[in-house]
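S.K.: Can you keep this structure in mind? I'll have questions shortly.
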Amino acid sequence: MTEEISKQRKTRIFISYSRKDKLFVRKLNDAIDAVGIDAWVDWEGIPLSSDWMKEITAAIEAGDAFVFVISPDSLRSKICMQELELGITSNKKIIPVVYREPEKKQKIHPKLASTNWVYLRARKDDFSATIPKLVESIQTDLGWVQQHTRILQRASEWVQKNRNKSYLLQGSDLEDGERWMTESTKSETRVVVPLQAEYISTSRKVATQRQRNLTSGIGFVLVLSMILGMFAIRQWYQAEVNADLAEANAGLARNSAATAIANGHIAATQQAIAERNAEVILEKDNETKAQRSAAQAAIYQERASELDTSTLLALESWTRAKTNDAENVLRHNIAAMPQPVARIKQGGRIGNLFPSVDGKYFVTASDDQTACLWSMEGDQIYCVKHQGAITDALLSPNSELLVTAGEDGFVSLWKANDGTPIKSFDFKSTVWDIDISADGKFLAAGRADEKISLIDLKTLREQLNFNLSAGEIYAVAFSPDGKYLAMGTQKGLVTVWRVLTELSYPAALHESDIFALEFSADGNWLVSVGADSTARVSRTAFGNTKYVLSHNDWVEDVAFGPDNSWFVTASDDNQARVWDTATGREKFRMSHADYVLRVDVSPNGQWIATTSFDKTARIWEATTGALMQEIALDAAGTAVSFSYDNARVIVGDRDGNVGVWDISSLNARNGYIEFPEIIHKAKFSYTGEWVIFNTDDKNIWLIPTDQLTTLHDGTQGTKILSFNNLTNQTKVSPNSKWIAITETYASRAVLYNIETKVLHTLPHPADISGIGFSADSKRFATTSEKGKSVFVWDVDSGELVKEIQFDKVAFTIAFNPQDATLAIGFADKIMIWDIDGGKEIATLLQIGDIKSLNFSKEGRWLATTSSAGGISMWNMSNGIPSVPTYNFLQDGSITSLDFNHTQQYLASGGSNGYAYIWDLSNGQEVARLPHNSSVKGVSFSPVSDQLLTVSKKTVNVWDLAQIEFTNRENISELACSKLTENFSPSTWIFFFHEEKYQLICPNLPQGQ
C-alpha cells in the first residue's frame, strides 16, 4: 500500500533556510522541482498578521521530509531553530544540506550533528552531480514516509474538529494505517508520533462498536438469503434448457467440418500466392525499416548529446535503402561532428585542462588525485599524484615546469618533460586556484584559509603571503603583463593587487562566491563571475565595477576574445553569452539543454567552445554564434580547451573521460567581415580584384580582395555610395566598371561607374524584382514587382532602350553570356527571348513562380529556382534542353545562387541557415556550411577558390579547397569516421528489438 501511495502524488518537502542564502535556495528549489519534488519555501516571510506557527506547522506536517540548509546564518537563526524543532516533533525525516560550513566552535543542534550531511558547497562540490543523491535521500523509504505524512495530517485535522468521529479512519484506510504502524517496527528510523497512535487506536475502537451495531440486522439478512435461494432454483432450471440448446449447436458444428476442409484447400492456395510474393514483401519490409530508422535519426538529431545515435540510425537506414531522408541526416551530422583523435580515461572528474604552447601536449587535473601529461594523439607521457583531488594544473610559459595544486594543501612543481618532482609547498589548507605570470617569474596560489601565496619560480621560495580576510580564495589571475594580480573570494570580493607593492583596491563586490576571473589580452579589463548570477566588469587600473551583467542563474566561467573587444560567459541558465567589452551590451547568446559549465575561446578568436551538463561540447562561430560542430560526451562536460594551433579541442567530463577532437575542417572558413547593420549581398568584381557590399546603413562598401581574410571591420573599407533608402539587389558588370543597385520602396535602380563616378537613376513603376547585365556590359535589363514588362537600358547613357511587354508577370531575368538572348522567369516557365530579333526562341517548363535565374560564366549551365522549391539545372551547351539535367532539393527557400570559376560547383544560400555546394559533374550535394541565420547571399571569386556567404551582419570567407566534401560513394565511410563506437547490444535491442545485432560501422568497436 505504501508503494501505491508513493505513486499517487508527488513527494513534498519543507526547506528551512536563512534569508542570506536565498540565491542558493532558489537554485536548489529549481533543481528539486525539475525532478518532480514539491518544496514548500517561505520566500518572503509569512506576514506578521498571519498565524505564523499554524502555517509553518501545517507546511511541515504536509511534507515528507524536512531539508535544513546549513550555514552560519541558519544555525544562528531562531526561526530556523523553531522550524527544526517542529520538524523533529512531527518526526519528519531531517536532511541537512550544507551550503556554507559552520564557523569554528559554532553550536549545532544535536539532531543535525547526528544526521548524515549532504554537501552542496559552492566551488567545492558538484551541484548537478549531488542533486540526484539528495533526491535519493529524500525518497528513501518514500512509501512509509508519505503514509506517515498522510496519517499525521488526518490526525491533526481530527483534533482540530474536536475529535469528530466522522474524521476517523474506516475500512481499508484503517487497515492500511494499522499495517503502517506495524511496519514501523522494522526500522529504527520509522517512528510513530503519539498523536498518530491515538488516532489509529480510536479509529479501531469506533469501528468495532460500529460492527456490533450491525449484528442486530443478521436476522433480516437470513430471510433475504432464503428468497435468494428460491431464485437460484429457478436459474438452475433455465440452465438445463440452455444445455439442450448447446447439444443442438454441437451437431451443427460437426456438419461444418467439411466446410473447414474446403477452406483448408483455399488457405493452401493463398499460401502459395504468399510465397510467390515473399520477395516483394521483404523489400517492402526493408523499406519500412529504412524509413523507421531515418525518422528516428531525424528525431535524435535534435536531441542534445545524441548526434552519434542519430548518425548510427541514419547509417542503418542508408544500408537498407539510399533514401533522401537518410542522406539528409547523414550530411547534416557529418558537417556538425568533428573528427575524433583520442579517447582517454582517468578515475575521477576532470577539473581542468591546460594545453602546451607548442600544441603538442596537454595536462589534465582530476579528482582521482592525479595530474597527467598527454600527447595530442592521446598517448600518456606520465602522471603525478597528490593525496587529494587536484584542483588545478598548469604548464609554465616556457613549458619547463608542471605546477599542480590540490585539496591536500600542496602546491607541487615538477619537470614538465618527465614529471620528476622539484619541490612542494605544504600550505595545510586546500589550494583552490593557481596562476603563473606571463613572464614565468611568479606563481600565485589561492587558499581555503583565506590567504594568497606568491611563489618565486626562480628561487623556488614563497616570496610572501597575506590574508584577505574575505573568505576562501577561489580564483586568482595575473594580468597579461604580470603587473596585477586579481583575487576572488568566497564572500564575493574581487581585489586587484599591484604585484610587489602596497597598492591594492577592490574591483568588484559580488553577493556570493566568485567562480572565475579573466583579464582582457591588453590587461585593461577584468571580468569576475559567480554564484550571484552576475558577471561584473571592471577597469583594471581603477578598480570599481563599470557594468553588472545579470544572468538567470550562477555564472560558472568567462573567457575573453584575443582582440579585447568582447568576452563570453557560461551560465547555469543554459546559456553562453557574448558581450561587448566597451559597452556591456549583449551581442548574442548560444544555448545548451542544461547548465553551461565551461567556456574557452580559440587563440585566433574565430571559435568559442562550451561544455555543458547536457553531455555535449559545442563549437560556435565567434562573430555570430552559429553552431558549427557538436561533440557527444559520456557524462556532463567539466573542462574544455583549444590547442594553441586552433586545430583541436580537448574536452573532459565528470566521469573522468577526456576526448581530443580534430576541428581543422573549420579552417575552411578563413576570414570574416562584420558590419554594424544587416548585409544584403556581397559581389565579386569579374576581375576578382574587389568586392562590393550593400548594407542597411544605406551605404555601398568596397573592399579589395586581398584584405578579405585580414580585415574584420567592414566600415574600414571604402564607402563608394550612400542612399536615402535601404538597398536590396546588387550586380557587377562583366567589364567590372559598373555596379547596379536597387533601392527598396523607391522603385528605382542605380547604375554607377566605379572609374568615372558617373551615376544613372533608372525609374520604375514598382519596386524592382530582377536585374542583369549583358555579356558586353552595354545593356542592363530589369523587371518590376507584378509588372508584365522587361525593361532594357543602355548602360553608358542610362536611357531606356526597349520595353518588352508580355501578358503575364515577369518575375526576373538573366542575360546569356554567350549570345544576345535573355532568360525571363514567369509562372511555371522560363522563356528564352531573342532581344535583337524581338521573339521567343524556346520555353523551359518548371512548376511555380520563377524567382531566380543564373547563368554560369561561359553559359553552359542555367540554374533556376521557383516558389515550388528546389534548384533546376539546365545544360545549355547543346541547345535548348527539354528537361533539367539535375534537380537539387534544399530545405527552406533559396535566396541566392552562384557558380565557381571552373563551373564545376554551384553554391546556394538558404533560409534554413545553410549554404550548400553542389557538384555539377555528378549532380550531388557535396557540402553544407552552417550559419546562425538565413544565408542571404553567396558569391564565388571568378579567379580563385574563395567563396563569400552573407548572413545577417557578417560575411564569411571560405576556402573551397579546404571544405570537407561528401559524396554518396563515401558518405558511410565519412560518417563512421566521425564516430567512436557502434551501438551497445542493449541500445540495439531498444531500437531494433529482436533483429540480430550488427556492427553498423565495421571498423569501430561494439559500444558498452
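Going by the C-alpha cells order, chains are called A, B, ..., each with residues numbered from 1, while ligands are numbered from 1 in the order shown.
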Counting only C-alpha atoms, what is within 7 Å of range 563-579 of chain A, bar same-chain residues fewer than 3 positions away, as a list in words?
M.R.: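 In the requested form, the answer reads Ser520, Ala521, Asp522, Asn552, Asp553, Trp554, Val555, Glu556, Asp557, Val558, Ala559, Phe560, Ala582, Gly584, Arg585, Glu586, Lys587, Phe588, Arg589, Met590, Ser591, His592, Ala593, Asp594, Tyr595, Val596, Leu597, Arg598 and Val599 of chain A.
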S.K.: Residues as selected, N, CA and C atoms, written as a PDB file, in the first residue's frame, can you do that?
M.R.:
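This is the output file part-v6.pdb:
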ATOM      1  N   SER A 520      41.405  40.917 -19.865  1.00  0.00           N
ATOM      2  CA  SER A 520      41.489  41.050 -21.321  1.00  0.00           C
ATOM      3  C   SER A 520      42.954  40.936 -21.736  1.00  0.00           C
ATOM      4  N   ALA A 521      43.185  40.663 -23.032  1.00  0.00           N
ATOM      5  CA  ALA A 521      44.552  40.447 -23.514  1.00  0.00           C
ATOM      6  C   ALA A 521      45.435  41.673 -23.327  1.00  0.00           C
ATOM      7  N   ASP A 522      44.854  42.876 -23.365  1.00  0.00           N
ATOM      8  CA  ASP A 522      45.646  44.085 -23.147  1.00  0.00           C
ATOM      9  C   ASP A 522      45.748  44.461 -21.679  1.00  0.00           C
ATOM     10  N   ASN A 552      20.439  34.529 -15.424  1.00  0.00           N
ATOM     11  CA  ASN A 552      19.307  33.922 -14.733  1.00  0.00           C
ATOM     12  C   ASN A 552      19.709  32.814 -13.775  1.00  0.00           C
ATOM     13  N   ASP A 553      20.996  32.579 -13.627  1.00  0.00           N
ATOM     14  CA  ASP A 553      21.493  31.566 -12.694  1.00  0.00           C
ATOM     15  C   ASP A 553      22.994  31.796 -12.521  1.00  0.00           C
ATOM     16  N   TRP A 554      23.638  30.953 -11.750  1.00  0.00           N
ATOM     17  CA  TRP A 554      25.067  31.098 -11.488  1.00  0.00           C
ATOM     18  C   TRP A 554      25.844  31.257 -12.795  1.00  0.00           C
ATOM     19  N   VAL A 555      26.858  32.094 -12.747  1.00  0.00           N
ATOM     20  CA  VAL A 555      27.765  32.247 -13.890  1.00  0.00           C
ATOM     21  C   VAL A 555      29.039  31.485 -13.543  1.00  0.00           C
ATOM     22  N   GLU A 556      29.312  30.446 -14.311  1.00  0.00           N
ATOM     23  CA  GLU A 556      30.363  29.487 -13.960  1.00  0.00           C
ATOM     24  C   GLU A 556      31.739  29.863 -14.492  1.00  0.00           C
ATOM     25  N   ASP A 557      31.794  30.525 -15.676  1.00  0.00           N
ATOM     26  CA  ASP A 557      33.099  30.706 -16.316  1.00  0.00           C
ATOM     27  C   ASP A 557      33.057  31.917 -17.238  1.00  0.00           C
ATOM     28  N   VAL A 558      34.242  32.409 -17.628  1.00  0.00           N
ATOM     29  CA  VAL A 558      34.344  33.575 -18.508  1.00  0.00           C
ATOM     30  C   VAL A 558      35.634  33.459 -19.318  1.00  0.00           C
ATOM     31  N   ALA A 559      35.611  33.956 -20.553  1.00  0.00           N
ATOM     32  CA  ALA A 559      36.804  33.955 -21.406  1.00  0.00           C
ATOM     33  C   ALA A 559      36.748  35.157 -22.336  1.00  0.00           C
ATOM     34  N   PHE A 560      37.888  35.816 -22.533  1.00  0.00           N
ATOM     35  CA  PHE A 560      37.994  36.974 -23.428  1.00  0.00           C
ATOM     36  C   PHE A 560      38.393  36.537 -24.833  1.00  0.00           C
ATOM     37  N   ALA A 582      33.366  47.209 -24.274  1.00  0.00           N
ATOM     38  CA  ALA A 582      33.327  48.661 -24.054  1.00  0.00           C
ATOM     39  C   ALA A 582      31.974  49.142 -23.554  1.00  0.00           C
ATOM     40  N   GLY A 584      29.206  46.850 -22.525  1.00  0.00           N
ATOM     41  CA  GLY A 584      28.443  45.923 -21.703  1.00  0.00           C
ATOM     42  C   GLY A 584      27.184  45.418 -22.393  1.00  0.00           C
ATOM     43  N   ARG A 585      27.086  45.606 -23.706  1.00  0.00           N
ATOM     44  CA  ARG A 585      25.904  45.175 -24.459  1.00  0.00           C
ATOM     45  C   ARG A 585      26.043  43.702 -24.834  1.00  0.00           C
ATOM     46  N   GLU A 586      24.953  42.954 -24.661  1.00  0.00           N
ATOM     47  CA  GLU A 586      24.955  41.562 -25.085  1.00  0.00           C
ATOM     48  C   GLU A 586      24.859  41.508 -26.600  1.00  0.00           C
ATOM     49  N   LYS A 587      25.795  40.814 -27.244  1.00  0.00           N
ATOM     50  CA  LYS A 587      25.807  40.717 -28.702  1.00  0.00           C
ATOM     51  C   LYS A 587      24.937  39.554 -29.181  1.00  0.00           C
ATOM     52  N   PHE A 588      25.080  38.401 -28.556  1.00  0.00           N
ATOM     53  CA  PHE A 588      24.247  37.248 -28.886  1.00  0.00           C
ATOM     54  C   PHE A 588      24.466  36.187 -27.820  1.00  0.00           C
ATOM     55  N   ARG A 589      23.649  35.155 -27.870  1.00  0.00           N
ATOM     56  CA  ARG A 589      23.797  34.058 -26.918  1.00  0.00           C
ATOM     57  C   ARG A 589      23.726  32.713 -27.628  1.00  0.00           C
ATOM     58  N   MET A 590      24.271  31.690 -26.982  1.00  0.00           N
ATOM     59  CA  MET A 590      24.336  30.343 -27.524  1.00  0.00           C
ATOM     60  C   MET A 590      23.753  29.388 -26.488  1.00  0.00           C
ATOM     61  N   SER A 591      22.894  28.481 -26.906  1.00  0.00           N
ATOM     62  CA  SER A 591      22.099  27.688 -25.972  1.00  0.00           C
ATOM     63  C   SER A 591      22.547  26.236 -25.884  1.00  0.00           C
ATOM     64  N   HIS A 592      22.466  25.712 -24.659  1.00  0.00           N
ATOM     65  CA  HIS A 592      22.570  24.281 -24.382  1.00  0.00           C
ATOM     66  C   HIS A 592      21.254  23.826 -23.768  1.00  0.00           C
ATOM     67  N   ALA A 593      21.136  22.530 -23.519  1.00  0.00           N
ATOM     68  CA  ALA A 593      19.926  21.980 -22.903  1.00  0.00           C
ATOM     69  C   ALA A 593      20.060  21.881 -21.390  1.00  0.00           C
ATOM     70  N   ASP A 594      21.200  22.260 -20.833  1.00  0.00           N
ATOM     71  CA  ASP A 594      21.408  22.204 -19.381  1.00  0.00           C
ATOM     72  C   ASP A 594      22.522  23.190 -19.020  1.00  0.00           C
ATOM     73  N   TYR A 595      22.941  23.167 -17.762  1.00  0.00           N
ATOM     74  CA  TYR A 595      23.952  24.109 -17.279  1.00  0.00           C
ATOM     75  C   TYR A 595      25.160  24.175 -18.217  1.00  0.00           C
ATOM     76  N   VAL A 596      25.612  25.382 -18.538  1.00  0.00           N
ATOM     77  CA  VAL A 596      26.861  25.555 -19.284  1.00  0.00           C
ATOM     78  C   VAL A 596      27.953  25.767 -18.244  1.00  0.00           C
ATOM     79  N   LEU A 597      28.908  24.840 -18.194  1.00  0.00           N
ATOM     80  CA  LEU A 597      29.864  24.828 -17.088  1.00  0.00           C
ATOM     81  C   LEU A 597      31.201  25.485 -17.419  1.00  0.00           C
ATOM     82  N   ARG A 598      31.681  25.352 -18.662  1.00  0.00           N
ATOM     83  CA  ARG A 598      32.987  25.903 -19.001  1.00  0.00           C
ATOM     84  C   ARG A 598      32.957  26.482 -20.410  1.00  0.00           C
ATOM     85  N   VAL A 599      33.838  27.456 -20.649  1.00  0.00           N
ATOM     86  CA  VAL A 599      33.919  28.103 -21.959  1.00  0.00           C
ATOM     87  C   VAL A 599      35.368  28.426 -22.255  1.00  0.00           C
TER      88      VAL A 599
END
S.K.: From a DSSP calculation on the backbone, collect every residue of range 592-702 of chain A in helix (DSSP H, G or I) and output the set as a PyMOL selection string.
M.R.: chain A and resi 664-668
S.K.: Kindly export the residues of the current selection with N, CA and C atoms, as a PDB file, in the first residue's frame.
M.R.:
ATOM      1  N   SER A 664      40.079  20.876 -37.477  1.00  0.00           N
ATOM      2  CA  SER A 664      40.792  21.632 -38.515  1.00  0.00           C
ATOM      3  C   SER A 664      39.917  21.893 -39.741  1.00  0.00           C
ATOM      4  N   SER A 665      38.844  21.104 -39.913  1.00  0.00           N
ATOM      5  CA  SER A 665      37.953  21.367 -41.048  1.00  0.00           C
ATOM      6  C   SER A 665      37.316  22.744 -40.950  1.00  0.00           C
ATOM      7  N   LEU A 666      37.242  23.297 -39.741  1.00  0.00           N
ATOM      8  CA  LEU A 666      36.693  24.644 -39.578  1.00  0.00           C
ATOM      9  C   LEU A 666      37.580  25.707 -40.215  1.00  0.00           C
ATOM     10  N   ASN A 667      38.841  25.357 -40.462  1.00  0.00           N
ATOM     11  CA  ASN A 667      39.754  26.329 -41.072  1.00  0.00           C
ATOM     12  C   ASN A 667      39.380  26.670 -42.504  1.00  0.00           C
ATOM     13  N   ALA A 668      38.413  25.931 -43.054  1.00  0.00           N
ATOM     14  CA  ALA A 668      37.908  26.288 -44.384  1.00  0.00           C
ATOM     15  C   ALA A 668      37.315  27.694 -44.370  1.00  0.00           C
TER      16      ALA A 668
END
S.K.: Between CA of Glu969 in chain A and CA of Ala314 in chain A, what is the spacing in Å?
M.R.: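 Distance reported for this atom pair: 15.2 Å.
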S.K.: Find the spatial neighbours of Thr710 in chain A, counting only C-alpha atoms, within a cut-off of 12 Å - ignore same-chain residues fewer than 4 positions away - and output them as an MDAnalysis selection string.
M.R.: chainID A and resid 604 670:674 703:706 714 716:717 956:957
S.K.: Emit the selected residues as a PDB file, in the first residue's frame, including C-alpha atoms.
M.R.:
ATOM      1  CA  ASN A 604      42.755  33.048 -33.266  1.00  0.00           C
ATOM      2  CA  ASN A 670      39.483  31.583 -43.092  1.00  0.00           C
ATOM      3  CA  GLY A 671      38.053  35.058 -42.680  1.00  0.00           C
ATOM      4  CA  TYR A 672      35.054  37.160 -41.762  1.00  0.00           C
ATOM      5  CA  ILE A 673      33.912  40.754 -42.143  1.00  0.00           C
ATOM      6  CA  GLU A 674      31.360  42.408 -39.853  1.00  0.00           C
ATOM      7  CA  ILE A 703      36.914  46.085 -50.060  1.00  0.00           C
ATOM      8  CA  PRO A 704      39.959  44.825 -52.026  1.00  0.00           C
ATOM      9  CA  THR A 705      40.074  41.033 -52.344  1.00  0.00           C
ATOM     10  CA  ASP A 706      43.491  40.781 -50.718  1.00  0.00           C
ATOM     11  CA  GLY A 714      33.696  46.291 -42.902  1.00  0.00           C
ATOM     12  CA  GLN A 716      37.232  50.205 -42.732  1.00  0.00           C
ATOM     13  CA  GLY A 717      36.589  49.561 -46.413  1.00  0.00           C
ATOM     14  CA  ASN A 956      32.121  34.678 -44.052  1.00  0.00           C
ATOM     15  CA  VAL A 957      35.122  33.967 -46.277  1.00  0.00           C
TER      16      VAL A 957
END
S.K.: Using only C-alpha atoms, determine which residues lie at most 10 Å from range 864-873 of chain A, disregarding the query and same-chain residues fewer than 3 positions distant; provide the list as a ChimeraX atom specification.
M.R.: /A:825-830,846-855,861,876,883-897,906,908,920,923
S.K.: Generate the output file for the selected residues, N, CA, C and O atoms, as a CSV table (one decimal), in the first residue's frame.
M.R.:
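Listing of selection_32.csv after writing:
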chain,number,residue,atom,x,y,z
A,825,GLY,N,11.9,34.8,-66.3
A,825,GLY,CA,11.1,33.9,-65.5
A,825,GLY,C,9.6,34.4,-65.3
A,825,GLY,O,9.3,35.5,-64.9
A,826,PHE,N,8.7,33.4,-65.6
A,826,PHE,CA,7.3,33.7,-65.5
A,826,PHE,C,6.7,32.6,-64.5
A,826,PHE,O,7.5,31.9,-63.9
A,827,ALA,N,5.4,32.5,-64.4
A,827,ALA,CA,4.8,31.5,-63.7
A,827,ALA,C,4.9,30.2,-64.4
A,827,ALA,O,4.4,30.1,-65.6
A,828,ASP,N,5.5,29.2,-63.9
A,828,ASP,CA,5.6,27.8,-64.5
A,828,ASP,C,6.4,27.7,-65.7
A,828,ASP,O,6.4,26.6,-66.4
A,829,LYS,N,7.2,28.7,-66.0
A,829,LYS,CA,8.1,28.6,-67.2
A,829,LYS,C,9.2,29.6,-67.2
A,829,LYS,O,9.1,30.7,-66.6
A,830,ILE,N,10.2,29.3,-68.0
A,830,ILE,CA,11.3,30.2,-68.3
A,830,ILE,C,11.3,30.4,-69.8
A,830,ILE,O,11.4,29.4,-70.6
A,846,GLN,N,8.9,24.7,-65.7
A,846,GLN,CA,9.2,24.5,-64.3
A,846,GLN,C,8.0,24.9,-63.5
A,846,GLN,O,7.5,26.0,-63.6
A,847,ILE,N,7.6,24.1,-62.5
A,847,ILE,CA,6.4,24.4,-61.7
A,847,ILE,C,6.8,25.6,-60.7
A,847,ILE,O,7.8,25.6,-60.1
A,848,GLY,N,5.8,26.5,-60.6
A,848,GLY,CA,5.9,27.6,-59.6
A,848,GLY,C,6.4,28.9,-60.3
A,848,GLY,O,6.7,28.9,-61.5
A,849,ASP,N,6.3,30.0,-59.5
A,849,ASP,CA,6.8,31.3,-60.0
A,849,ASP,C,8.3,31.3,-60.0
A,849,ASP,O,8.9,31.0,-58.9
A,850,ILE,N,8.9,31.6,-61.1
A,850,ILE,CA,10.4,31.5,-61.2
A,850,ILE,C,11.0,32.7,-60.5
A,850,ILE,O,10.7,33.9,-60.8
A,851,LYS,N,11.8,32.5,-59.5
A,851,LYS,CA,12.3,33.5,-58.6
A,851,LYS,C,13.7,34.0,-58.9
A,851,LYS,O,14.1,35.1,-58.7
A,852,SER,N,14.5,33.1,-59.5
A,852,SER,CA,15.9,33.5,-59.8
A,852,SER,C,16.4,32.7,-61.0
A,852,SER,O,16.1,31.5,-61.2
A,853,LEU,N,17.3,33.4,-61.8
A,853,LEU,CA,17.9,32.8,-63.0
A,853,LEU,C,19.4,33.1,-62.9
A,853,LEU,O,19.7,34.3,-62.8
A,854,ASN,N,20.2,32.2,-63.1
A,854,ASN,CA,21.7,32.4,-63.0
A,854,ASN,C,22.4,31.6,-64.1
A,854,ASN,O,22.3,30.3,-64.1
A,855,PHE,N,23.1,32.2,-65.0
A,855,PHE,CA,23.9,31.5,-66.0
A,855,PHE,C,25.3,31.4,-65.4
A,855,PHE,O,25.9,32.3,-64.7
A,861,TRP,N,25.7,26.4,-68.1
A,861,TRP,CA,24.6,26.0,-67.2
A,861,TRP,C,23.7,27.2,-66.9
A,861,TRP,O,24.1,28.3,-66.8
A,876,MET,N,22.8,24.0,-71.1
A,876,MET,CA,22.6,24.8,-72.3
A,876,MET,C,23.6,24.6,-73.4
A,876,MET,O,23.6,25.3,-74.4
A,883,VAL,N,14.3,19.1,-70.5
A,883,VAL,CA,14.1,18.8,-69.1
A,883,VAL,C,15.5,19.2,-68.4
A,883,VAL,O,16.5,19.2,-69.0
A,884,PRO,N,15.4,19.5,-67.1
A,884,PRO,CA,16.7,19.8,-66.4
A,884,PRO,C,17.5,18.6,-66.2
A,884,PRO,O,17.0,17.5,-66.1
A,885,THR,N,18.8,18.8,-66.3
A,885,THR,CA,19.8,17.7,-66.0
A,885,THR,C,19.7,17.2,-64.6
A,885,THR,O,19.8,16.0,-64.3
A,886,TYR,N,19.7,18.2,-63.7
A,886,TYR,CA,19.6,17.9,-62.2
A,886,TYR,C,18.5,18.7,-61.6
A,886,TYR,O,18.2,19.8,-62.0
A,887,ASN,N,17.9,18.1,-60.6
A,887,ASN,CA,17.0,18.8,-59.7
A,887,ASN,C,17.5,18.7,-58.3
A,887,ASN,O,17.6,17.6,-57.7
A,888,PHE,N,18.0,19.8,-57.7
A,888,PHE,CA,18.5,19.7,-56.3
A,888,PHE,C,17.5,20.1,-55.3
A,888,PHE,O,16.8,21.1,-55.4
A,889,LEU,N,17.3,19.3,-54.3
A,889,LEU,CA,16.4,19.5,-53.2
A,889,LEU,C,17.1,20.2,-52.0
A,889,LEU,O,18.2,19.7,-51.6
A,890,GLN,N,16.6,21.3,-51.5
A,890,GLN,CA,17.2,22.1,-50.4
A,890,GLN,C,16.1,22.5,-49.5
A,890,GLN,O,15.1,23.0,-49.9
A,891,ASP,N,16.3,22.3,-48.2
A,891,ASP,CA,15.4,22.8,-47.2
A,891,ASP,C,15.3,24.3,-47.2
A,891,ASP,O,16.2,25.0,-47.3
A,892,GLY,N,14.1,24.8,-46.9
A,892,GLY,CA,13.8,26.2,-46.9
A,892,GLY,C,13.8,26.9,-48.2
A,892,GLY,O,14.0,26.2,-49.3
A,893,SER,N,13.6,28.2,-48.2
A,893,SER,CA,13.6,28.9,-49.5
A,893,SER,C,15.0,29.2,-49.9
A,893,SER,O,15.9,29.3,-49.1
A,894,ILE,N,15.2,29.3,-51.2
A,894,ILE,CA,16.6,29.5,-51.8
A,894,ILE,C,16.8,31.0,-52.0
A,894,ILE,O,15.9,31.6,-52.7
A,895,THR,N,17.8,31.6,-51.5
A,895,THR,CA,17.9,33.0,-51.5
A,895,THR,C,19.0,33.5,-52.5
A,895,THR,O,18.9,34.7,-52.9
A,896,SER,N,19.9,32.7,-52.9
A,896,SER,CA,21.0,33.2,-53.8
A,896,SER,C,21.7,32.0,-54.4
A,896,SER,O,21.8,30.9,-53.9
A,897,LEU,N,22.2,32.2,-55.7
A,897,LEU,CA,23.0,31.2,-56.4
A,897,LEU,C,24.2,31.8,-57.0
A,897,LEU,O,24.2,33.0,-57.4
A,906,LEU,N,28.2,24.7,-57.8
A,906,LEU,CA,27.2,25.7,-57.6
A,906,LEU,C,27.0,25.9,-56.1
A,906,LEU,O,26.9,24.9,-55.4
A,908,SER,N,24.6,27.7,-53.2
A,908,SER,CA,23.2,28.2,-53.0
A,908,SER,C,23.1,28.6,-51.5
A,908,SER,O,23.6,28.0,-50.6
A,920,LEU,N,28.5,19.8,-60.0
A,920,LEU,CA,27.7,19.7,-61.3
A,920,LEU,C,28.3,18.5,-62.2
A,920,LEU,O,27.7,18.2,-63.2
A,923,GLY,N,25.9,15.8,-60.0
A,923,GLY,CA,24.6,16.2,-59.5
A,923,GLY,C,24.4,15.9,-58.1
A,923,GLY,O,23.3,15.7,-57.6
S.K.: List the neighbours of His680 in chain A out to 12 Å using only C-alpha atoms; skip same-chain residues closer than 2 positions along the sequence, and give me the result as a PyMOL selection string.
M.R.: chain A and resi 675+677-678+682-683+692-701+726-731+741-744+895-896+909+934-939+949-955
